[in-house]
$ cat run-v6.cif   # mmCIF, C-alpha atoms and all ligand atoms
data_entry
#
loop_
_atom_site.group_PDB
_atom_site.id
_atom_site.type_symbol
_atom_site.label_atom_id
_atom_site.label_comp_id
_atom_site.auth_asym_id
_atom_site.auth_seq_id
_atom_site.Cartn_x
_atom_site.Cartn_y
_atom_site.Cartn_z
ATOM 1 C CA MET A 25 0.000 0.000 0.000
ATOM 2 C CA LEU A 26 1.128 3.546 -0.760
ATOM 3 C CA PHE A 27 2.757 5.242 2.248
ATOM 4 C CA ASP A 28 3.276 1.946 4.026
ATOM 5 C CA ALA A 29 6.438 3.407 5.532
ATOM 6 C CA LEU A 30 4.366 5.941 7.453
ATOM 7 C CA ILE A 31 2.669 3.474 9.739
ATOM 8 C CA GLY A 32 5.457 3.836 12.298
ATOM 9 C CA GLN A 33 4.915 5.566 15.592
ATOM 10 C CA SER A 34 6.791 8.846 15.144
ATOM 11 C CA PRO A 35 7.346 11.495 12.455
ATOM 12 C CA LYS A 36 11.065 11.540 13.315
ATOM 13 C CA GLY A 37 13.143 10.284 10.392
ATOM 14 C CA ASN A 38 10.125 10.265 8.130
ATOM 15 C CA THR A 39 10.594 13.005 5.547
ATOM 16 C CA LEU A 40 6.879 13.194 4.756
ATOM 17 C CA LEU A 41 6.082 14.125 8.326
ATOM 18 C CA GLN A 42 8.796 16.687 9.009
ATOM 19 C CA PRO A 43 7.819 20.250 9.957
ATOM 20 C CA PRO A 44 6.002 22.365 9.075
ATOM 21 C CA LEU A 45 3.113 20.260 10.311
ATOM 22 C CA PRO A 46 -0.376 21.730 10.649
ATOM 23 C CA ARG A 47 -1.157 22.817 14.208
ATOM 24 C CA HIS A 48 -4.858 22.129 13.780
ATOM 25 C CA ILE A 49 -6.410 19.584 11.411
ATOM 26 C CA ALA A 50 -10.176 19.529 10.813
ATOM 27 C CA ILE A 51 -11.899 16.625 9.081
ATOM 28 C CA ILE A 52 -15.280 16.297 7.389
ATOM 29 C CA MET A 53 -15.792 12.549 7.794
ATOM 30 C CA ASP A 54 -17.920 11.820 4.748
ATOM 31 C CA GLY A 55 -18.952 8.711 2.829
ATOM 32 C CA ASN A 56 -20.059 6.294 5.554
ATOM 33 C CA GLY A 57 -23.427 5.756 3.895
ATOM 34 C CA ARG A 58 -21.977 5.217 0.415
ATOM 35 C CA TRP A 59 -19.329 2.857 1.778
ATOM 36 C CA ALA A 60 -22.054 0.703 3.326
ATOM 37 C CA THR A 61 -24.348 0.873 0.306
ATOM 38 C CA GLU A 62 -21.509 -0.280 -1.974
ATOM 39 C CA ARG A 63 -21.285 -3.345 0.297
ATOM 40 C CA ARG A 64 -25.053 -3.880 0.248
ATOM 41 C CA ARG A 65 -25.243 -3.141 3.946
ATOM 42 C CA PRO A 66 -27.437 -0.605 5.804
ATOM 43 C CA ARG A 67 -26.026 2.923 6.133
ATOM 44 C CA VAL A 68 -25.447 2.517 9.866
ATOM 45 C CA TRP A 69 -22.878 -0.201 9.042
ATOM 46 C CA GLY A 70 -20.797 2.579 7.508
ATOM 47 C CA HIS A 71 -20.992 4.679 10.690
ATOM 48 C CA LYS A 72 -19.985 1.654 12.796
ATOM 49 C CA ASN A 73 -16.920 1.077 10.624
ATOM 50 C CA GLY A 74 -16.133 4.795 10.676
ATOM 51 C CA VAL A 75 -15.313 4.536 14.375
ATOM 52 C CA GLU A 76 -12.070 2.642 13.624
ATOM 53 C CA SER A 77 -11.013 5.498 11.305
ATOM 54 C CA VAL A 78 -11.649 7.944 14.153
ATOM 55 C CA ARG A 79 -9.409 5.862 16.432
ATOM 56 C CA GLN A 80 -6.633 5.808 13.846
ATOM 57 C CA VAL A 81 -6.570 9.551 13.163
ATOM 58 C CA VAL A 82 -6.783 10.446 16.856
ATOM 59 C CA SER A 83 -3.841 8.211 17.751
ATOM 60 C CA ALA A 84 -1.791 9.374 14.735
ATOM 61 C CA CYS A 85 -2.370 13.063 15.506
ATOM 62 C CA GLY A 86 -1.333 12.477 19.119
ATOM 63 C CA GLU A 87 1.839 10.641 18.099
ATOM 64 C CA TRP A 88 2.772 13.179 15.438
ATOM 65 C CA GLY A 89 2.466 16.181 17.742
ATOM 66 C CA ILE A 90 -0.587 17.822 16.161
ATOM 67 C CA GLU A 91 -2.096 20.337 18.615
ATOM 68 C CA ALA A 92 -5.767 20.063 17.724
ATOM 69 C CA LEU A 93 -8.013 17.744 15.724
ATOM 70 C CA THR A 94 -11.625 18.704 14.990
ATOM 71 C CA LEU A 95 -13.940 15.994 13.663
ATOM 72 C CA PHE A 96 -17.315 16.812 12.109
ATOM 73 C CA ALA A 97 -19.351 13.952 13.557
ATOM 74 C CA PHE A 98 -22.919 15.288 13.422
ATOM 75 C CA SER A 99 -24.239 18.429 11.761
ATOM 76 C CA ALA A 100 -27.230 20.485 12.873
ATOM 77 C CA GLU A 101 -28.889 19.298 9.633
ATOM 78 C CA ASN A 102 -28.241 15.617 10.449
ATOM 79 C CA TRP A 103 -31.168 15.663 12.926
ATOM 80 C CA GLY A 104 -33.344 15.315 9.809
ATOM 81 C CA ARG A 105 -31.988 11.818 9.025
ATOM 82 C CA PRO A 106 -34.041 8.676 9.781
ATOM 83 C CA ALA A 107 -34.514 8.138 13.528
ATOM 84 C CA LEU A 108 -32.641 4.806 13.486
ATOM 85 C CA GLU A 109 -29.595 6.413 11.883
ATOM 86 C CA VAL A 110 -29.562 9.305 14.387
ATOM 87 C CA ALA A 111 -29.978 6.894 17.308
ATOM 88 C CA THR A 112 -27.162 4.679 15.997
ATOM 89 C CA ILE A 113 -24.752 7.608 15.676
ATOM 90 C CA MET A 114 -25.593 8.701 19.244
ATOM 91 C CA GLU A 115 -25.020 5.156 20.541
ATOM 92 C CA LEU A 116 -21.700 4.978 18.684
ATOM 93 C CA LEU A 117 -20.691 8.264 20.256
ATOM 94 C CA ASN A 118 -21.677 7.101 23.735
ATOM 95 C CA GLY A 119 -19.850 3.788 23.311
ATOM 96 C CA SER A 120 -16.722 5.422 21.868
ATOM 97 C CA ILE A 121 -16.526 8.082 24.566
ATOM 98 C CA LEU A 122 -16.830 5.438 27.302
ATOM 99 C CA ARG A 123 -14.504 2.893 25.693
ATOM 100 C CA GLU A 124 -11.759 5.314 24.632
ATOM 101 C CA ARG A 125 -11.680 7.464 27.744
ATOM 102 C CA ASP A 126 -8.779 5.668 29.455
ATOM 103 C CA GLU A 127 -6.779 5.330 26.238
ATOM 104 C CA LEU A 128 -7.237 9.054 25.522
ATOM 105 C CA ASN A 129 -6.063 9.820 29.036
ATOM 106 C CA ARG A 130 -2.987 7.589 28.683
ATOM 107 C CA ASN A 131 -2.179 9.477 25.480
ATOM 108 C CA ASN A 132 -2.480 12.866 27.218
ATOM 109 C CA VAL A 133 -5.442 13.909 25.022
ATOM 110 C CA ARG A 134 -7.828 16.711 26.002
ATOM 111 C CA PHE A 135 -11.458 16.466 24.940
ATOM 112 C CA ARG A 136 -13.975 19.157 23.994
ATOM 113 C CA THR A 137 -16.969 19.636 21.733
ATOM 114 C CA ILE A 138 -18.449 22.400 19.595
ATOM 115 C CA GLY A 139 -22.060 22.769 18.495
ATOM 116 C CA GLN A 140 -25.474 22.799 20.134
ATOM 117 C CA THR A 141 -24.741 19.950 22.503
ATOM 118 C CA ASP A 142 -27.814 20.789 24.588
ATOM 119 C CA ARG A 143 -29.829 19.138 21.764
ATOM 120 C CA LEU A 144 -28.027 15.805 22.308
ATOM 121 C CA PRO A 145 -29.566 13.018 24.417
ATOM 122 C CA GLU A 146 -29.077 13.605 28.158
ATOM 123 C CA LYS A 147 -26.849 10.526 28.436
ATOM 124 C CA THR A 148 -24.510 11.786 25.692
ATOM 125 C CA GLN A 149 -24.333 15.228 27.321
ATOM 126 C CA ARG A 150 -23.423 13.638 30.663
ATOM 127 C CA LEU A 151 -20.707 11.456 29.127
ATOM 128 C CA ILE A 152 -19.240 14.441 27.291
ATOM 129 C CA ARG A 153 -19.091 16.471 30.516
ATOM 130 C CA GLU A 154 -17.502 13.582 32.429
ATOM 131 C CA VAL A 155 -14.812 12.858 29.849
ATOM 132 C CA ARG A 156 -14.082 16.544 29.243
ATOM 133 C CA ASP A 157 -13.581 17.124 32.968
ATOM 134 C CA ALA A 158 -11.556 13.934 33.472
ATOM 135 C CA LEU A 159 -9.137 14.848 30.655
ATOM 136 C CA SER A 160 -9.000 18.598 31.306
ATOM 137 C CA GLY A 161 -5.556 18.433 32.912
ATOM 138 C CA ASN A 162 -3.938 16.801 29.873
ATOM 139 C CA THR A 163 -1.508 18.761 27.726
ATOM 140 C CA GLY A 164 -1.276 16.857 24.417
ATOM 141 C CA LEU A 165 -3.648 16.745 21.453
ATOM 142 C CA THR A 166 -6.983 18.533 21.856
ATOM 143 C CA LEU A 167 -9.684 16.309 20.354
ATOM 144 C CA ASN A 168 -12.619 18.508 19.417
ATOM 145 C CA ILE A 169 -15.828 16.838 18.215
ATOM 146 C CA ALA A 170 -18.396 18.889 16.293
ATOM 147 C CA LEU A 171 -21.856 17.690 17.365
ATOM 148 C CA SER A 172 -25.167 19.170 16.300
ATOM 149 C CA TYR A 173 -22.867 21.738 14.731
ATOM 150 C CA GLY A 174 -23.482 24.344 12.049
ATOM 151 C CA GLY A 175 -21.047 27.107 11.129
ATOM 152 C CA ARG A 176 -23.740 29.715 10.522
ATOM 153 C CA ASP A 177 -25.451 28.888 13.832
ATOM 154 C CA GLU A 178 -22.108 29.289 15.591
ATOM 155 C CA ILE A 179 -21.508 32.714 14.008
ATOM 156 C CA VAL A 180 -25.048 33.885 14.833
ATOM 157 C CA ALA A 181 -24.628 32.734 18.457
ATOM 158 C CA ALA A 182 -21.323 34.620 18.716
ATOM 159 C CA ALA A 183 -22.976 37.772 17.324
ATOM 160 C CA ARG A 184 -25.769 37.416 19.898
ATOM 161 C CA ARG A 185 -23.256 36.997 22.736
ATOM 162 C CA LEU A 186 -21.400 40.122 21.675
ATOM 163 C CA ALA A 187 -24.645 42.079 21.227
ATOM 164 C CA GLY A 188 -25.615 41.051 24.753
ATOM 165 C CA ARG A 189 -22.289 42.310 26.098
ATOM 166 C CA VAL A 190 -22.791 45.631 24.295
ATOM 167 C CA ALA A 191 -26.346 45.908 25.654
ATOM 168 C CA ARG A 192 -25.093 45.299 29.193
ATOM 169 C CA GLY A 193 -22.454 48.002 28.731
ATOM 170 C CA GLU A 194 -19.556 45.546 29.148
ATOM 171 C CA ILE A 195 -18.034 46.467 25.782
ATOM 172 C CA ALA A 196 -18.514 49.191 23.165
ATOM 173 C CA PRO A 197 -19.429 48.317 19.538
ATOM 174 C CA ASP A 198 -15.974 49.505 18.459
ATOM 175 C CA ASP A 199 -14.340 46.953 20.768
ATOM 176 C CA ILE A 200 -15.590 44.192 18.467
ATOM 177 C CA ASP A 201 -12.795 43.093 16.166
ATOM 178 C CA ALA A 202 -11.813 39.784 14.548
ATOM 179 C CA ASN A 203 -9.946 38.721 17.651
ATOM 180 C CA LEU A 204 -12.866 39.307 20.030
ATOM 181 C CA PHE A 205 -15.216 37.664 17.556
ATOM 182 C CA SER A 206 -13.013 34.547 17.418
ATOM 183 C CA ASP A 207 -13.000 34.430 21.198
ATOM 184 C CA SER A 208 -16.814 34.415 21.148
ATOM 185 C CA LEU A 209 -17.032 31.307 18.946
ATOM 186 C CA ASP A 210 -17.300 27.717 20.223
ATOM 187 C CA THR A 211 -13.664 27.200 19.155
ATOM 188 C CA ALA A 212 -12.342 29.972 21.435
ATOM 189 C CA GLY A 213 -8.813 29.137 22.525
ATOM 190 C CA LEU A 214 -8.033 26.873 19.558
ATOM 191 C CA PRO A 215 -5.833 28.011 16.683
ATOM 192 C CA ASP A 216 -7.686 28.181 13.353
ATOM 193 C CA PRO A 217 -7.405 24.951 11.316
ATOM 194 C CA ASP A 218 -4.418 24.947 8.962
ATOM 195 C CA LEU A 219 -5.618 21.886 7.061
ATOM 196 C CA VAL A 220 -9.144 20.699 6.319
ATOM 197 C CA ILE A 221 -9.685 17.219 4.950
ATOM 198 C CA ARG A 222 -12.925 16.040 3.377
ATOM 199 C CA THR A 223 -13.267 12.383 2.492
ATOM 200 C CA SER A 224 -15.446 10.710 -0.138
ATOM 201 C CA GLY A 225 -14.974 13.062 -3.054
ATOM 202 C CA GLU A 226 -17.389 15.910 -2.356
ATOM 203 C CA LEU A 227 -15.854 19.365 -2.934
ATOM 204 C CA ARG A 228 -17.718 21.457 -0.338
ATOM 205 C CA VAL A 229 -17.231 22.787 3.189
ATOM 206 C CA SER A 230 -20.877 22.142 4.130
ATOM 207 C CA ASN A 231 -21.321 24.751 6.863
ATOM 208 C CA PHE A 232 -18.215 23.559 8.745
ATOM 209 C CA LEU A 233 -16.092 26.107 10.656
ATOM 210 C CA LEU A 234 -17.037 28.891 8.238
ATOM 211 C CA TRP A 235 -15.206 31.643 10.127
ATOM 212 C CA GLN A 236 -12.211 29.568 11.145
ATOM 213 C CA LEU A 237 -11.405 28.211 7.651
ATOM 214 C CA ALA A 238 -10.495 31.641 6.261
ATOM 215 C CA TYR A 239 -6.896 30.622 5.441
ATOM 216 C CA ALA A 240 -7.067 26.848 5.770
ATOM 217 C CA GLU A 241 -5.590 24.602 3.104
ATOM 218 C CA LEU A 242 -8.306 22.337 1.688
ATOM 219 C CA TYR A 243 -7.611 18.692 0.891
ATOM 220 C CA PHE A 244 -10.149 16.404 -0.765
ATOM 221 C CA THR A 245 -9.773 12.655 -1.132
ATOM 222 C CA PRO A 246 -12.063 10.107 -2.820
ATOM 223 C CA VAL A 247 -11.468 7.664 0.038
ATOM 224 C CA HIS A 248 -14.674 6.961 1.998
ATOM 225 C CA TRP A 249 -14.345 7.651 5.723
ATOM 226 C CA PRO A 250 -14.495 3.982 6.888
ATOM 227 C CA ASP A 251 -11.431 3.287 4.671
ATOM 228 C CA PHE A 252 -9.468 6.303 5.896
ATOM 229 C CA ARG A 253 -6.290 5.238 7.703
ATOM 230 C CA ARG A 254 -3.247 6.938 9.171
ATOM 231 C CA GLU A 255 -1.397 6.654 5.857
ATOM 232 C CA HIS A 256 -4.159 8.699 4.205
ATOM 233 C CA LEU A 257 -3.730 11.301 6.922
ATOM 234 C CA ALA A 258 0.014 11.320 6.234
ATOM 235 C CA GLU A 259 -0.703 11.867 2.523
ATOM 236 C CA ALA A 260 -2.887 14.858 3.399
ATOM 237 C CA ILE A 261 -0.159 16.290 5.628
ATOM 238 C CA ALA A 262 2.420 15.775 2.869
ATOM 239 C CA ALA A 263 0.142 17.704 0.470
ATOM 240 C CA PHE A 264 -0.212 20.462 3.079
ATOM 241 C CA ARG A 265 3.565 20.722 3.362
ATOM 242 C CA SER A 266 3.878 21.213 -0.399
ATOM 243 C CA ARG A 267 1.534 24.242 -0.394
ATOM 244 C CA ARG A 268 2.835 27.845 -0.351
ATOM 245 C CA ARG A 269 0.706 29.708 2.170
ATOM 246 C CA ARG A 270 0.536 33.424 1.407
ATOM 247 C CA PHE A 271 -2.315 34.662 3.605
ATOM 248 C CA GLY A 272 -3.145 37.387 1.070
ATOM 249 C CA LEU A 273 0.455 38.638 0.952
ATOM 250 C CA VAL A 274 2.986 38.464 -1.897
ATOM 251 C CA GLU A 275 6.154 36.438 -2.247
ATOM 252 C CA THR A 276 9.418 38.273 -2.880
ATOM 253 C CA GLU A 277 11.654 36.855 -5.607
ATOM 254 C CA SER A 278 14.738 37.430 -3.493
ATOM 255 C CA GLY A 279 13.382 35.175 -0.761
ATOM 256 C CA ASP A 280 14.129 38.040 1.623
ATOM 257 C CA GLU A 281 14.153 36.619 5.151
ATOM 258 C CA SER A 282 12.308 39.670 6.424
ATOM 259 C CA SER A 283 9.370 39.217 4.047
ATOM 260 C CA ALA A 284 6.013 38.543 5.615
ATOM 261 C CA VAL A 285 5.668 35.328 3.606
ATOM 262 C CA ALA A 286 8.926 33.950 4.941
ATOM 263 C CA ARG A 287 7.758 34.737 8.449
ATOM 264 C CA VAL A 288 4.379 33.059 8.171
ATOM 265 C CA THR A 289 5.921 30.039 6.477
ATOM 266 C CA GLU A 290 8.281 29.609 9.390
ATOM 267 C CA GLN A 291 5.444 29.963 11.852
ATOM 268 C CA GLN A 292 3.109 27.743 9.768
ATOM 269 C CA ILE A 293 0.180 29.937 10.678
ATOM 270 C CA PRO A 294 -1.197 33.417 10.172
ATOM 271 C CA ALA A 295 -0.959 35.758 13.120
ATOM 272 C CA ASN A 296 -3.506 33.906 15.202
ATOM 273 C CA PRO A 297 -1.914 31.987 18.051
ATOM 274 C CA VAL A 298 -4.296 30.884 20.723
ATOM 275 C CA GLY A 299 -6.640 33.566 21.889
ATOM 276 C CA THR A 300 -4.305 36.563 22.049
ATOM 277 C CA GLN A 301 -3.415 37.870 18.621
ATOM 278 C CA SER A 302 -5.355 39.038 15.603
ATOM 279 C CA HIS A 303 -6.766 36.352 13.341
ATOM 280 C CA GLU A 304 -6.111 38.546 10.312
ATOM 281 C CA ALA A 305 -2.866 38.460 8.366
ATOM 282 C CA PRO A 306 -1.156 41.841 8.036
ATOM 283 C CA ASN A 307 -2.232 43.631 4.815
ATOM 284 C CA ALA A 308 -4.368 40.649 3.894
ATOM 285 C CA SER A 309 -6.018 41.363 0.556
ATOM 286 C CA CYS A 310 -7.788 38.141 -0.504
HETATM 287 C C1 LIG A 401 -20.955 11.227 7.167
HETATM 288 O O1 LIG A 401 -21.187 10.167 6.264
HETATM 289 C C2 LIG A 401 -20.788 10.707 8.540
HETATM 290 C C3 LIG A 401 -21.591 11.015 9.598
HETATM 291 C C4 LIG A 401 -22.738 11.930 9.461
HETATM 292 C C5 LIG A 401 -21.415 10.416 10.923
HETATM 293 C C6 LIG A 401 -20.000 10.231 11.411
HETATM 294 C C7 LIG A 401 -20.061 9.511 12.690
HETATM 295 C C8 LIG A 401 -19.218 8.523 13.069
HETATM 296 C C9 LIG A 401 -18.039 8.079 12.302
HETATM 297 C C10 LIG A 401 -19.566 7.846 14.360
HETATM 298 C C11 LIG A 401 -18.609 7.981 15.470
HETATM 299 C C12 LIG A 401 -17.997 9.302 15.698
HETATM 300 C C13 LIG A 401 -17.087 9.533 16.686
HETATM 301 C C14 LIG A 401 -16.472 10.885 16.783
HETATM 302 C C15 LIG A 401 -16.681 8.491 17.639
HETATM 303 P P1 LIG A 401 -22.583 10.129 5.475
HETATM 304 O O2 LIG A 401 -23.527 9.292 6.253
HETATM 305 O O3 LIG A 401 -23.048 11.522 5.211
HETATM 306 O O4 LIG A 401 -22.140 9.413 4.153
HETATM 307 P P2 LIG A 401 -22.816 9.543 2.722
HETATM 308 O O5 LIG A 401 -22.511 10.925 2.233
HETATM 309 O O6 LIG A 401 -22.141 8.472 1.934
HETATM 310 O O7 LIG A 401 -24.288 9.310 2.883
#
$ encode --input "run-v6.cif" --output "structure tokens"
Amino acid sequence: MLFDALIGQSPKGNTLLQPPLPRHIAIIMDGNGRWATERRRPRVWGHKNGVESVRQVVSACGEWGIEALTLFAFSAENWGRPALEVATIMELLNGSILRERDELNRNNVRFRTIGQTDRLPEKTQRLIREVRDALSGNTGLTLNIALSYGGRDEIVAAARRLAGRVARGEIAPDDIDANLFSDSLDTAGLPDPDLVIRTSGELRVSNFLLWQLAYAELYFTPVHWPDFRREHLAEAIAAFRSRRRRFGLVETESGDESSAVARVTEQQIPANPVGTQSHEAPNASC
């Protein structure tokens, strides 16, 4: 299999996984239903098999030193799917959270969610709270699961929060800038994703992290989610490393060390480290 050499435990010595690595990877896990249908099985069979792919990418990201991994597990629109399918996804979530909790802890993983989690079944909400609290002292990978999530909903909720703060006199309208807005989103405290992966061949972002993807590199693969393995993740990271990220700036022919492009390439990210700096690149134009 292609990229067989990448199945090892560490990026060290593996040229495809040398820096710059993305700090934050976000994945639209698509194609479970089609994967199952191609095998003449019910759609939920695809979701069940997708859990192993989740395990693989979480462990790989932890081993390779990725800071944050966001997985789009259930969109706000997914509530409209057949009741059996929704119930199966919730049961898979419950089972995975319970089963993986100790392993995540051993691997120093933190756990959080984004989305309207108050719409989830009470049991799922309780498990999420328990695991989040139990792993809150960890310092490795942050595993962030998007549940009942919609990017537009998230932006509207942030606008409401800020409007409420203005109405209460806590801030003035002019205090609202990109940085404060980012800090009002569900992802507050996380760097913006550098790399977004969508499996199964669709070329859309589907209401996922609409604000946060401003400068993300997009990577699409025809592989259905239940077939996605750590070598596919390594391929996506290798593609990311081959991209020139300009953040709306220009490259100088001289390769001048002081150029903004050289700086952002070294840092891998636009000027948006966790929580404190602007999420906009200097002189960004597109
Ligand atoms: C998209 O495929 C996948 C989902 C909506 C569900 C993903 C959920 C899991 C993998 C379950 C476990 C999750 C965690 C985080 C433990 P689709 O059904 O839209 O596929 P299709 O486009 O082929 O119909």
$ residues_near_ligand --input "run-v6.cif" --ligand "ligand LIG 401 (chain A)" --cutoff "7 Å" --atoms "only C-alpha atoms and all ligand atoms" --output "NGL selection string"
:A and (53-59 or 67 or 71-72 or 74-75 or 78 or 95 or 97-98 or 102 or 113 or 116-117 or 120-121 or 169)
$ resolve_selection --input "run-v6.cif" --expression "the PyMOL selection byres (((chain A and resi 133) around 6) and not hetatm)" --output "VMD selection string"
chain A and resid 128 to 129 131 to 132 134 162 164 to 166
$ closest_residue --input "run-v6.cif" --among "A:Thr61, A:Gly188, A:Pro246, A:Ile52" --to "A:Arg228" --atoms "all atoms listed in the file"
A:Ile52
$ resolve_selection --input "run-v6.cif" --expression "the PyMOL selection byres (((chain A and resi 88-90) around 7) and not hetatm)" --output "short mmCIF file (atom, residue, chain, number, x, y, z; two decimals) with C-alpha atoms, in the coordinates of the input"
data_model
loop_
_atom_site.label_atom_id
_atom_site.label_comp_id
_atom_site.auth_asym_id
_atom_site.auth_seq_id
_atom_site.Cartn_x
_atom_site.Cartn_y
_atom_site.Cartn_z
CA SER A 34 6.79 8.85 15.14
CA PRO A 35 7.35 11.50 12.46
CA PRO A 46 -0.38 21.73 10.65
CA ARG A 47 -1.16 22.82 14.21
CA HIS A 48 -4.86 22.13 13.78
CA ALA A 84 -1.79 9.37 14.74
CA CYS A 85 -2.37 13.06 15.51
CA GLY A 86 -1.33 12.48 19.12
CA GLU A 87 1.84 10.64 18.10
CA GLU A 91 -2.10 20.34 18.61
CA ALA A 92 -5.77 20.06 17.72
CA LEU A 165 -3.65 16.74 21.45
#
$ atom_distance --input "run-v6.cif" --atom1 "atom CA of A:Ala182" --atom2 "atom CA of A:Phe271"
24.3 Å
$ resolve_selection --input "run-v6.cif" --expression "the PyMOL selection byres (((chain A and resi 186) around 12) and not hetatm)" --output "list of chain:residue names"
A:Ile179, A:Val180, A:Ala181, A:Ala182, A:Ala183, A:Arg184, A:Arg185, A:Ala187, A:Gly188, A:Arg189, A:Val190, A:Ala191, A:Arg192, A:Gly193, A:Glu194, A:Ile195, A:Ala196, A:Pro197, A:Asp198, A:Asp199, A:Ile200, A:Asp201, A:Ala202, A:Leu204, A:Phe205, A:Ser206, A:Asp207, A:Ser208, A:Leu209
$ atom_distance --input "run-v6.cif" --atom1 "atom CA of A:His248" --atom2 "atom CA of A:Gly225"
7.9 Å
